[in-house]
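Novice: Sharing model-v8.tsv (TSV, C-alpha atoms) below.
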```
chain	number	residue	atom	x	y	z
A	641	MET	CA	375.45	-187.45	87.04
A	642	LYS	CA	374.82	-183.76	86.38
A	643	THR	CA	372.11	-184.02	83.74
A	644	PHE	CA	369.62	-186.70	82.77
A	645	MET	CA	367.92	-186.44	79.39
A	646	ASN	CA	369.15	-189.31	77.23
A	647	VAL	CA	369.95	-192.99	77.64
A	648	GLY	CA	373.67	-192.29	77.49
A	649	ASP	CA	373.41	-190.26	80.70
A	650	ILE	CA	372.52	-193.34	82.77
A	651	GLY	CA	375.59	-195.36	81.82
A	652	PRO	CA	375.56	-199.16	81.42
A	653	LEU	CA	371.94	-200.33	81.34
A	654	ALA	CA	372.62	-203.62	83.11
A	655	GLN	CA	374.01	-201.70	86.07
A	656	ALA	CA	371.10	-199.25	86.08
A	657	LEU	CA	368.58	-202.10	86.00
A	658	ALA	CA	370.34	-203.88	88.87
A	659	GLU	CA	370.25	-200.66	90.86
A	660	ALA	CA	366.56	-200.28	90.10
A	661	GLN	CA	365.88	-203.75	91.50
A	662	GLU	CA	367.95	-202.99	94.58
A	663	ILE	CA	365.90	-199.86	95.24
A	664	LYS	CA	362.65	-201.67	94.56
A	665	ASN	CA	363.59	-204.20	97.22
A	666	ASP	CA	364.32	-201.43	99.73
A	667	ARG	CA	363.02	-197.99	98.69
A	668	TYR	CA	364.46	-196.25	101.76
A	669	LYS	CA	367.94	-197.76	101.70
A	670	TYR	CA	369.54	-194.52	100.54
A	671	GLN	CA	367.45	-192.11	102.57
A	672	HIS	CA	370.57	-190.61	104.11
A	673	LEU	CA	371.66	-189.22	100.75
A	674	GLY	CA	368.86	-186.66	100.61
A	675	HIS	CA	369.11	-185.39	104.19
A	676	ASN	CA	368.91	-181.57	104.13
A	677	LYS	CA	368.84	-181.60	100.32
A	678	THR	CA	366.03	-180.01	98.30
A	679	LEU	CA	364.51	-181.01	94.97
A	680	MET	CA	362.70	-178.33	92.97
A	681	MET	CA	360.18	-179.65	90.44
A	682	ILE	CA	359.21	-177.07	87.81
A	683	PHE	CA	356.11	-177.70	85.72
A	684	PHE	CA	355.31	-175.73	82.59
A	685	ASN	CA	352.70	-178.40	81.75
A	686	ASN	CA	350.22	-180.70	83.48
A	687	SER	CA	351.28	-183.90	85.17
A	688	LEU	CA	349.97	-186.77	87.25
A	689	ARG	CA	352.38	-189.76	87.25
A	690	THR	CA	355.49	-187.62	86.83
A	691	ARG	CA	354.56	-185.27	89.65
A	692	LEU	CA	353.55	-188.01	92.09
A	693	SER	CA	356.30	-190.50	91.28
A	694	THR	CA	359.10	-187.93	91.32
A	695	GLN	CA	357.96	-186.44	94.60
A	696	LYS	CA	357.62	-189.92	96.13
A	697	ALA	CA	361.09	-190.91	94.92
A	698	ALA	CA	362.60	-187.75	96.43
A	699	MET	CA	360.83	-188.37	99.74
A	700	ASN	CA	362.09	-191.98	99.76
A	701	LEU	CA	365.60	-190.55	99.48
A	702	GLY	CA	365.03	-188.17	102.38
A	703	MET	CA	364.78	-184.98	100.30
A	704	ASN	CA	362.71	-181.87	100.83
A	705	VAL	CA	360.56	-181.07	97.79
A	706	ILE	CA	359.41	-177.77	96.29
A	707	VAL	CA	356.84	-177.95	93.48
A	708	LEU	CA	356.43	-174.91	91.23
A	709	ASP	CA	353.60	-174.80	88.71
A	710	VAL	CA	354.67	-171.99	86.41
A	711	ASN	CA	351.13	-171.52	85.10
A	712	ALA	CA	349.50	-171.21	88.52
A	713	GLY	CA	351.01	-169.12	91.27
A	714	ALA	CA	354.11	-167.80	89.52
A	715	TRP	CA	354.88	-164.84	87.28
A	716	LYS	CA	354.35	-165.53	83.61
A	717	LEU	CA	357.78	-166.24	82.18
A	718	GLU	CA	359.30	-165.02	78.95
A	719	THR	CA	361.56	-167.61	77.30
A	720	GLU	CA	362.75	-165.75	74.20
A	721	ARG	CA	365.81	-163.49	74.07
A	722	GLY	CA	365.82	-160.06	72.48
A	723	VAL	CA	362.14	-159.32	73.06
A	724	ILE	CA	360.55	-156.16	74.45
A	725	MET	CA	358.65	-157.40	77.48
A	726	ASP	CA	355.61	-155.15	77.19
A	727	GLY	CA	353.06	-157.96	77.24
A	728	ASP	CA	351.67	-160.18	80.00
A	729	LYS	CA	355.01	-161.86	80.82
A	730	SER	CA	356.55	-160.17	83.86
A	731	GLU	CA	359.78	-162.10	84.34
A	732	HIS	CA	362.39	-163.55	82.05
A	733	LEU	CA	363.45	-167.14	82.44
A	734	LEU	CA	367.09	-166.02	82.47
A	735	GLU	CA	366.56	-164.23	85.79
A	736	ALA	CA	364.10	-166.77	87.17
A	737	ILE	CA	366.36	-169.78	86.59
A	738	PRO	CA	369.36	-168.71	88.71
A	739	VAL	CA	366.95	-167.56	91.43
A	740	MET	CA	365.37	-171.01	91.48
A	741	GLY	CA	368.84	-172.51	91.70
A	742	CYS	CA	369.47	-170.55	94.90
A	743	TYR	CA	366.72	-172.45	96.71
A	744	CYS	CA	367.48	-176.08	95.82
A	745	ASP	CA	370.11	-178.71	95.12
A	746	ILE	CA	368.56	-180.52	92.13
A	747	ILE	CA	366.05	-179.31	89.52
A	748	GLY	CA	363.51	-181.33	87.51
A	749	VAL	CA	361.92	-179.62	84.50
A	750	ARG	CA	358.74	-180.48	82.59
A	751	SER	CA	358.20	-178.44	79.43
A	752	PHE	CA	356.36	-179.81	76.40
A	753	ALA	CA	356.92	-179.08	72.74
A	754	GLY	CA	355.00	-176.15	71.27
A	755	LEU	CA	354.58	-178.17	68.04
A	756	THR	CA	354.76	-175.06	65.85
A	757	ASP	CA	358.51	-174.55	65.45
A	758	ARG	CA	360.43	-177.79	65.03
A	759	GLU	CA	363.85	-176.16	65.25
A	760	TYR	CA	362.95	-174.46	68.55
A	761	ASP	CA	361.48	-177.65	70.03
A	762	TYR	CA	364.28	-179.97	68.94
A	763	ALA	CA	366.91	-177.53	70.23
A	764	GLU	CA	365.39	-178.14	73.71
A	765	THR	CA	365.48	-174.39	74.23
A	766	VAL	CA	363.79	-174.28	77.65
A	767	VAL	CA	365.49	-177.15	79.46
A	768	ASN	CA	368.90	-176.23	78.09
A	769	GLN	CA	368.57	-172.80	79.69
A	770	PHE	CA	368.07	-174.52	83.05
A	771	ILE	CA	371.16	-176.65	82.45
A	772	LYS	CA	373.21	-173.58	81.50
A	773	TYR	CA	372.05	-171.02	84.05
A	774	SER	CA	370.75	-172.81	87.18
A	775	GLY	CA	374.09	-174.00	88.52
A	776	ARG	CA	372.34	-177.22	89.61
A	777	PRO	CA	372.00	-180.77	88.29
A	778	VAL	CA	368.97	-180.89	85.98
A	779	PHE	CA	366.84	-183.84	84.90
A	780	ALA	CA	364.02	-184.07	82.38
A	781	MET	CA	360.49	-184.72	83.64
A	782	GLU	CA	359.49	-184.67	79.93
A	783	THR	CA	360.75	-182.03	77.59
A	784	ALA	CA	360.03	-181.00	74.02
A	785	THR	CA	361.66	-184.13	72.61
A	786	VAL	CA	362.35	-186.66	75.40
A	787	HIS	CA	360.82	-188.36	78.43
A	788	PRO	CA	363.69	-190.48	79.82
A	789	LEU	CA	362.13	-191.23	83.22
A	790	GLN	CA	359.24	-192.90	81.38
A	791	ALA	CA	361.49	-194.84	79.02
A	792	PHE	CA	363.66	-196.05	81.90
A	793	ALA	CA	360.54	-197.22	83.75
A	794	ASP	CA	359.38	-198.94	80.56
A	795	LEU	CA	362.67	-200.83	80.33
A	796	ILE	CA	362.46	-201.85	83.99
A	797	THR	CA	358.95	-203.18	83.33
A	798	ILE	CA	359.99	-205.14	80.25
A	799	GLU	CA	362.87	-206.66	82.20
A	800	GLU	CA	360.45	-207.75	84.94
A	801	TYR	CA	357.83	-209.25	82.62
A	802	TRP	CA	360.06	-210.84	79.99
A	803	LYS	CA	359.99	-214.60	80.35
A	804	ARG	CA	362.75	-216.16	78.32
A	805	PRO	CA	361.66	-219.21	76.34
A	806	ALA	CA	362.22	-222.50	78.14
A	807	GLY	CA	365.43	-224.08	76.98
A	808	SER	CA	366.72	-220.82	75.46
A	809	GLY	CA	369.53	-221.19	77.88
A	810	SER	CA	370.09	-217.74	78.48
A	811	PRO	CA	370.32	-214.07	78.44
A	812	ALA	CA	370.88	-214.13	74.71
A	813	ALA	CA	367.18	-214.70	74.01
A	814	LYS	CA	365.64	-211.33	73.21
A	815	PRO	CA	362.05	-210.12	73.55
A	816	LYS	CA	360.43	-208.60	70.50
A	817	VAL	CA	359.26	-205.10	71.42
A	818	VAL	CA	356.99	-203.11	69.10
A	819	LEU	CA	356.31	-199.38	69.31
A	820	THR	CA	353.07	-198.74	67.47
A	821	TRP	CA	351.49	-195.45	66.51
A	822	ALA	CA	347.76	-195.19	67.25
A	823	PRO	CA	345.20	-192.48	66.42
A	824	HIS	CA	344.36	-189.54	68.68
A	825	CYS	CA	342.04	-186.53	68.64
A	826	ARG	CA	344.80	-184.07	69.60
A	827	ALA	CA	348.26	-183.30	68.31
A	828	LEU	CA	350.70	-184.84	70.79
A	829	PRO	CA	354.49	-184.41	71.15
A	830	GLN	CA	356.99	-187.04	70.10
A	831	ALA	CA	358.83	-187.08	73.46
A	832	VAL	CA	357.58	-190.45	74.71
A	833	PRO	CA	358.11	-192.38	71.45
A	834	ASN	CA	361.47	-190.65	70.93
A	835	SER	CA	362.78	-191.74	74.31
A	836	PHE	CA	361.23	-195.20	74.10
A	837	ALA	CA	362.94	-195.74	70.73
A	838	GLN	CA	366.24	-194.43	72.06
A	839	TRP	CA	366.19	-196.67	75.14
A	840	MET	CA	365.02	-199.78	73.27
A	841	ASN	CA	367.82	-199.30	70.74
A	842	ALA	CA	370.27	-199.30	73.63
A	843	ALA	CA	368.68	-202.34	75.28
A	844	ASP	CA	369.06	-206.00	74.38
A	845	VAL	CA	365.76	-206.35	72.53
A	846	ASP	CA	364.46	-206.96	69.02
A	847	PHE	CA	362.91	-203.55	68.37
A	848	VAL	CA	360.37	-202.62	65.70
A	849	VAL	CA	358.60	-199.30	65.09
A	850	THR	CA	355.34	-199.25	63.14
A	851	HIS	CA	353.34	-196.24	61.99
A	852	PRO	CA	351.65	-194.79	58.90
A	853	GLU	CA	353.95	-193.46	56.21
A	854	GLY	CA	354.91	-189.86	56.90
A	855	TYR	CA	355.08	-190.33	60.68
A	856	GLU	CA	358.78	-191.23	60.78
A	857	LEU	CA	360.51	-190.31	64.02
A	858	ASP	CA	363.73	-188.31	64.00
A	859	PRO	CA	366.60	-190.60	62.91
A	860	LYS	CA	368.66	-189.69	65.98
A	861	PHE	CA	366.03	-191.42	68.12
A	862	VAL	CA	364.78	-194.24	65.90
A	863	GLY	CA	368.37	-195.27	65.22
A	864	ASN	CA	368.76	-198.79	63.85
A	865	ALA	CA	365.25	-199.92	64.75
A	866	ARG	CA	363.36	-201.76	62.05
A	867	VAL	CA	360.56	-199.58	60.69
A	868	GLU	CA	357.54	-201.52	59.42
A	869	TYR	CA	354.59	-199.73	57.81
A	870	ASP	CA	352.42	-202.84	57.89
A	871	GLN	CA	351.11	-202.97	61.47
A	872	ARG	CA	350.15	-206.64	61.28
A	873	LYS	CA	353.62	-207.68	60.15
A	874	ALA	CA	355.13	-205.62	62.94
A	875	PHE	CA	352.91	-207.24	65.59
A	876	GLU	CA	353.59	-210.83	64.51
A	877	GLY	CA	355.41	-212.69	67.28
A	878	ALA	CA	355.74	-209.59	69.49
A	879	ASP	CA	356.25	-210.05	73.23
A	880	PHE	CA	355.49	-206.42	74.10
A	881	ILE	CA	353.27	-203.90	72.35
A	882	TYR	CA	353.87	-200.27	73.29
A	883	ALA	CA	351.06	-198.11	71.89
A	884	LYS	CA	351.48	-194.36	71.63
A	885	ASN	CA	350.22	-191.55	69.48
A	886	TRP	CA	352.49	-188.82	68.21
A	887	SER	CA	351.82	-185.91	65.91
A	888	ASN	CA	353.68	-185.68	62.63
A	889	PRO	CA	357.40	-185.25	63.42
A	890	GLY	CA	358.00	-183.30	60.21
A	891	VAL	CA	360.92	-185.49	59.17
A	892	THR	CA	359.72	-186.17	55.63
A	893	ASN	CA	357.84	-182.86	55.29
A	894	LEU	CA	358.72	-180.02	57.64
A	895	ALA	CA	355.42	-178.26	56.89
A	896	ASP	CA	353.59	-181.17	58.55
A	897	TYR	CA	355.41	-180.79	61.88
A	898	GLY	CA	353.06	-181.00	64.84
A	899	LYS	CA	350.03	-181.71	62.69
A	900	ILE	CA	347.60	-184.62	62.66
A	901	THR	CA	348.00	-186.06	59.17
A	902	SER	CA	346.29	-189.38	59.89
A	903	LYS	CA	343.31	-190.46	61.97
A	904	ASP	CA	343.26	-194.03	60.69
A	905	MET	CA	341.22	-195.96	63.27
A	906	SER	CA	342.46	-199.28	61.92
A	907	TRP	CA	345.61	-198.61	63.98
A	908	THR	CA	343.70	-198.71	67.29
A	909	VAL	CA	345.01	-201.67	69.31
A	910	ASP	CA	342.17	-204.16	69.87
A	911	THR	CA	341.84	-207.87	70.60
A	912	GLU	CA	342.44	-208.81	66.98
A	913	HIS	CA	345.67	-206.82	66.92
A	914	MET	CA	346.89	-208.52	70.09
A	915	SER	CA	346.02	-211.94	68.63
A	916	TRP	CA	348.83	-211.40	66.10
A	917	THR	CA	351.40	-211.28	68.93
A	918	ASN	CA	353.16	-213.94	70.97
A	919	ASN	CA	350.65	-213.54	73.82
A	920	GLY	CA	352.12	-210.07	74.04
A	921	LYS	CA	351.92	-207.65	76.96
A	922	PHE	CA	350.24	-204.30	76.34
A	923	MET	CA	352.03	-201.14	77.44
A	924	HIS	CA	351.22	-197.42	77.43
A	925	CYS	CA	352.67	-194.47	79.34
A	926	LEU	CA	349.22	-193.12	80.38
A	927	PRO	CA	346.99	-191.17	80.29
A	928	VAL	CA	345.37	-193.11	77.49
A	929	ARG	CA	342.33	-192.32	75.34
A	930	ARG	CA	340.25	-195.49	75.31
A	931	GLY	CA	338.62	-196.23	71.99
A	932	LEU	CA	341.34	-194.32	70.13
A	933	ILE	CA	344.67	-195.73	71.29
A	934	VAL	CA	343.33	-198.99	72.71
A	935	THR	CA	340.03	-200.76	73.33
A	936	ASP	CA	338.64	-201.48	76.79
A	937	ASP	CA	339.09	-205.22	76.49
A	938	VAL	CA	342.82	-204.91	75.75
A	939	ILE	CA	343.74	-202.39	78.43
A	940	GLU	CA	341.66	-204.29	81.01
A	941	SER	CA	343.05	-207.69	80.03
A	942	GLU	CA	345.44	-209.76	82.12
A	943	ASN	CA	348.14	-208.95	79.57
A	944	SER	CA	347.89	-205.22	80.21
A	945	ILE	CA	350.80	-204.06	82.36
A	946	VAL	CA	350.12	-200.32	82.27
A	947	ILE	CA	349.71	-200.06	86.07
A	948	PRO	CA	352.98	-201.86	87.01
A	949	GLU	CA	354.61	-199.75	84.29
A	950	ALA	CA	353.33	-196.56	85.94
A	951	ALA	CA	354.43	-197.80	89.36
A	952	ASN	CA	357.96	-198.23	88.06
A	953	ARG	CA	358.13	-194.49	87.47
A	954	GLU	CA	358.95	-194.15	91.17
A	955	ILE	CA	361.79	-196.60	90.75
A	956	SER	CA	363.33	-195.06	87.62
A	957	CYS	CA	363.29	-191.63	89.25
A	958	SER	CA	364.78	-193.01	92.46
A	959	VAL	CA	367.80	-194.31	90.55
A	960	VAL	CA	368.30	-190.98	88.79
A	961	LEU	CA	367.96	-188.89	91.95
A	962	LYS	CA	370.23	-191.26	93.90
A	963	ARG	CA	372.96	-190.83	91.35
A	964	MET	CA	372.58	-187.06	91.28
A	965	LEU	CA	372.73	-186.88	95.06
A	966	GLU	CA	375.86	-189.03	95.09
A	967	ALA	CA	377.50	-186.59	92.68
A	968	LEU	CA	376.76	-183.46	94.73
```
Reformat the file's structure so that it appears as structure tokens.
Specialist:
Amino acid sequence: MKTFMNVGDIGPLAQALAEAQEIKNDRYKYQHLGHNKTLMMIFFNNSLRTRLSTQKAAMNLGMNVIVLDVNAGAWKLETERGVIMDGDKSEHLLEAIPVMGCYCDIIGVRSFAGLTDREYDYAETVVNQFIKYSGRPVFAMETATVHPLQAFADLITIEEYWKRPAGSGSPAAKPKVVLTWAPHCRALPQAVPNSFAQWMNAADVDFVVTHPEGYELDPKFVGNARVEYDQRKAFEGADFIYAKNWSNPGVTNLADYGKITSKDMSWTVDTEHMSWTNNGKFMHCLPVRRGLIVTDDVIESENSIVIPEAANREISCSVVLKRMLEAL
């Protein structure tokens, strides 16, 4: 595996999930693969779970790790071509990238959407330059439009917590998984919901997306998921509720891209909302704004699985790094 951005990069999901369980049972089983190999993690944006889980996964695999925070301790980088660099940016990404590639074997990139230019963001301009010019395998630690390590961890968590109905007989019984928009005080990217939708569409689940009208995700991610604008109808009988805010994706009106066009607090997930479900589990990628996305009583309930979900970030990244190391 040379790149990891989308669900198709991981191959058959059943095999990836089995590998995840194998690694979870013995996190150091493949430590030999990373001997004398170096991972470089490049952050254009803040991180907690991604930084810690990715570094831990690399260490489990025996790798050396270099962490570069572009905004603290590095030259300011220009990302646009054809510009006159007479401002505060001292180095161009097109020189910086191949230099970075000289010092490592695998590169992880975290670069959020700017939320001002949809075409630029959805072209994945920054990460694609790393793929093209670094000469190294590259994986996404969240980019302008995707967060596959999170979505893979989410799928691992659903697989672990899904209890098939007694007498269902079998793997054919599917959990109902609902991705619900919730209000937020800041404009957030669509990366997490995009990837979650993409991975759930590829998984063996009954998948529903619910959000206010005008917040439609890009069709290439939402795929064949059922879109329900009535949140209560969407929640009915759900086994898993995945709450996440995203700013307007600009699908129905490009001028709205990256804007907050709804602050409807009736979408906040509270106890009443969860009562509509089939004793559903609550999920969120974290960090979460309590009182906006979810109420205290829901996120602190026994049905909240946000911490095991976060813990599985180490496992999803371990699978990805293992496969990249095997391909070197």
Novice: Can you work out which one of A:Asn919, A:Thr820, A:Ser887, A:Gln838 has the shortest atom-to-atom distance to Tyr869 of chain A, counting only C-alpha atoms?
Specialist: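 Nearest candidate to Tyr869 of chain A out of A:Asn919, A:Thr820, A:Ser887, A:Gln838: A:Thr820.
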Novice: Measuring between all atoms listed in the file, which one of A:Ala865, A:Ala780, A:Leu755, A:Val946 shows the shortest distance to Arg826 of chain A?
Specialist: A:Leu755
Novice: Around the point (365.8, -164.2, 76.0) in the file's coordinates, collect all residues with an atom within 9 Å, using all atoms listed in the file, and return them as a ChimeraX atom specification.
Specialist: /A:718-723,732-734
Novice: Which is closest to Phe779 of chain A among A:Asn841, A:Thr765, A:Asn943, A:Thr643, if we use all atoms listed in the file?
Specialist: A:Thr643
Novice: Tell me, as a PyMOL selection string, which residues lie within 8 Å of Lys716 of chain A, counting all atoms listed in the file; anything in the same chain fewer than 3 positions away does not count.
Specialist: chain A and resi 710-711+728-731
Novice: Rank nothing, just name the residue among A:Lys921, A:Arg758, A:Arg930, A:Lys669 nearest to Asp896 of chain A, using only C-alpha atoms.
Specialist: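 Ranking A:Lys921, A:Arg758, A:Arg930, A:Lys669 by distance to Asp896 of chain A, first place goes to A:Arg758.
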Novice: Check the smallest atom-to-atom distance from each of A:Ile771, A:Ile955, A:Met964, A:Ala793 to Asn700 of chain A using all atoms listed in the file, then report the winner.
Specialist: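 Counting all atoms listed in the file, the residue closest to Asn700 of chain A is A:Ile955.
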Novice: Within 10 Å of (367.2, -186.4, 59.3), all atoms listed in the file: residues as an mmCIF file with C-alpha atoms, keeping the file's coordinate frame?
Specialist:
```cif
data_model
loop_
_atom_site.group_PDB
_atom_site.id
_atom_site.type_symbol
_atom_site.label_atom_id
_atom_site.label_comp_id
_atom_site.auth_asym_id
_atom_site.auth_seq_id
_atom_site.Cartn_x
_atom_site.Cartn_y
_atom_site.Cartn_z
ATOM 1 C CA GLU A 856 358.780 -191.230 60.780
ATOM 2 C CA LEU A 857 360.510 -190.310 64.020
ATOM 3 C CA ASP A 858 363.730 -188.310 64.000
ATOM 4 C CA PRO A 859 366.600 -190.600 62.910
ATOM 5 C CA LYS A 860 368.660 -189.690 65.980
ATOM 6 C CA GLY A 890 358.000 -183.300 60.210
ATOM 7 C CA VAL A 891 360.920 -185.490 59.170
ATOM 8 C CA THR A 892 359.720 -186.170 55.630
#
```
Novice: Go through A:Asn952, A:Gln830, A:Thr797, A:Ser774 and flag the residue nearest Val749 of chain A, using all atoms listed in the file for the distances.
Specialist: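 Among the listed residues, A:Ser774 lies closest to Val749 of chain A.
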Novice: Return as lines of an AutoDock Vina configuration file the box centre and box size in Å, one decimal, for an axis-aligned box around all listed atoms of segment 866-870 of chain A padded by 4 Å per side.
Specialist:
```
center_x = 357.9
center_y = -201.2
center_z = 59.9
size_x = 18.9
size_y = 11.3
size_z = 12.2
```
Novice: Suppose you want the space between atom CA of Leu679 of chain A and atom CA of Gln655 of chain A; what is it in Å?
Specialist: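 Separating atom CA of Leu679 of chain A from atom CA of Gln655 of chain A is a distance of 24.4 Å.
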Novice: List the spatial neighbours of Pro823 of chain A as a PyMOL selection string - criterion: any atom at most 7 Å away, all atoms listed in the file, same-chain residues fewer than 6 positions off excluded.
Specialist: chain A and resi 885+903-905+907-908+932-933
Novice: Would you mind exporting the chosen residues as a compact mmCIF listing (two decimals), keeping the file's coordinate frame, restricted to C-alpha atoms?
Specialist:
```
# COMPACT_ATOMS: atom_id res chain seq x y z
CA ASN A 885 350.22 -191.55 69.48
CA LYS A 903 343.31 -190.46 61.97
CA ASP A 904 343.26 -194.03 60.69
CA MET A 905 341.22 -195.96 63.27
CA TRP A 907 345.61 -198.61 63.98
CA THR A 908 343.70 -198.71 67.29
CA LEU A 932 341.34 -194.32 70.13
CA ILE A 933 344.67 -195.73 71.29
```
Novice: Will you model N, CA and C atoms for segment 710-730 of chain A and pass it back as a CSV table (one decimal), in the frame of the given file?
Specialist:
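So rebuild20.csv came out as:
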```
chain,number,residue,atom,x,y,z
A,710,VAL,N,354.4,-173.3,87.0
A,710,VAL,CA,354.7,-172.0,86.4
A,710,VAL,C,353.4,-171.3,86.0
A,711,ASN,N,352.4,-172.1,85.6
A,711,ASN,CA,351.1,-171.5,85.1
A,711,ASN,C,350.1,-171.2,86.2
A,712,ALA,N,350.4,-171.5,87.4
A,712,ALA,CA,349.5,-171.2,88.5
A,712,ALA,C,350.3,-170.8,89.8
A,713,GLY,N,350.3,-169.6,90.1
A,713,GLY,CA,351.0,-169.1,91.3
A,713,GLY,C,352.4,-168.6,91.0
A,714,ALA,N,352.8,-168.4,89.8
A,714,ALA,CA,354.1,-167.8,89.5
A,714,ALA,C,353.9,-166.7,88.5
A,715,TRP,N,354.9,-165.8,88.3
A,715,TRP,CA,354.9,-164.8,87.3
A,715,TRP,C,354.9,-165.5,85.9
A,716,LYS,N,354.2,-165.0,84.9
A,716,LYS,CA,354.4,-165.5,83.6
A,716,LYS,C,355.8,-165.3,83.1
A,717,LEU,N,356.4,-166.3,82.5
A,717,LEU,CA,357.8,-166.2,82.2
A,717,LEU,C,358.0,-166.1,80.7
A,718,GLU,N,358.9,-165.2,80.3
A,718,GLU,CA,359.3,-165.0,79.0
A,718,GLU,C,360.5,-166.0,78.7
A,719,THR,N,360.5,-166.7,77.6
A,719,THR,CA,361.6,-167.6,77.3
A,719,THR,C,362.4,-167.2,76.1
A,720,GLU,N,362.0,-166.2,75.4
A,720,GLU,CA,362.8,-165.8,74.2
A,720,GLU,C,363.7,-164.6,74.6
A,721,ARG,N,364.9,-164.6,73.9
A,721,ARG,CA,365.8,-163.5,74.1
A,721,ARG,C,365.5,-162.4,73.1
A,722,GLY,N,365.9,-161.2,73.4
A,722,GLY,CA,365.8,-160.1,72.5
A,722,GLY,C,364.4,-159.5,72.3
A,723,VAL,N,363.5,-159.8,73.2
A,723,VAL,CA,362.1,-159.3,73.1
A,723,VAL,C,361.9,-158.1,74.0
A,724,ILE,N,361.0,-157.3,73.6
A,724,ILE,CA,360.6,-156.2,74.4
A,724,ILE,C,359.4,-156.7,75.3
A,725,MET,N,359.6,-156.8,76.6
A,725,MET,CA,358.6,-157.4,77.5
A,725,MET,C,357.5,-156.4,77.9
A,726,ASP,N,356.7,-156.1,76.9
A,726,ASP,CA,355.6,-155.2,77.2
A,726,ASP,C,354.3,-155.8,77.1
A,727,GLY,N,354.3,-157.2,77.3
A,727,GLY,CA,353.1,-158.0,77.2
A,727,GLY,C,352.7,-158.4,78.6
A,728,ASP,N,352.1,-159.7,78.7
A,728,ASP,CA,351.7,-160.2,80.0
A,728,ASP,C,352.7,-161.0,80.7
A,729,LYS,N,353.9,-161.1,80.2
A,729,LYS,CA,355.0,-161.9,80.8
A,729,LYS,C,355.9,-160.9,81.6
A,730,SER,N,355.9,-161.1,83.0
A,730,SER,CA,356.6,-160.2,83.9
A,730,SER,C,358.0,-160.5,84.2
```
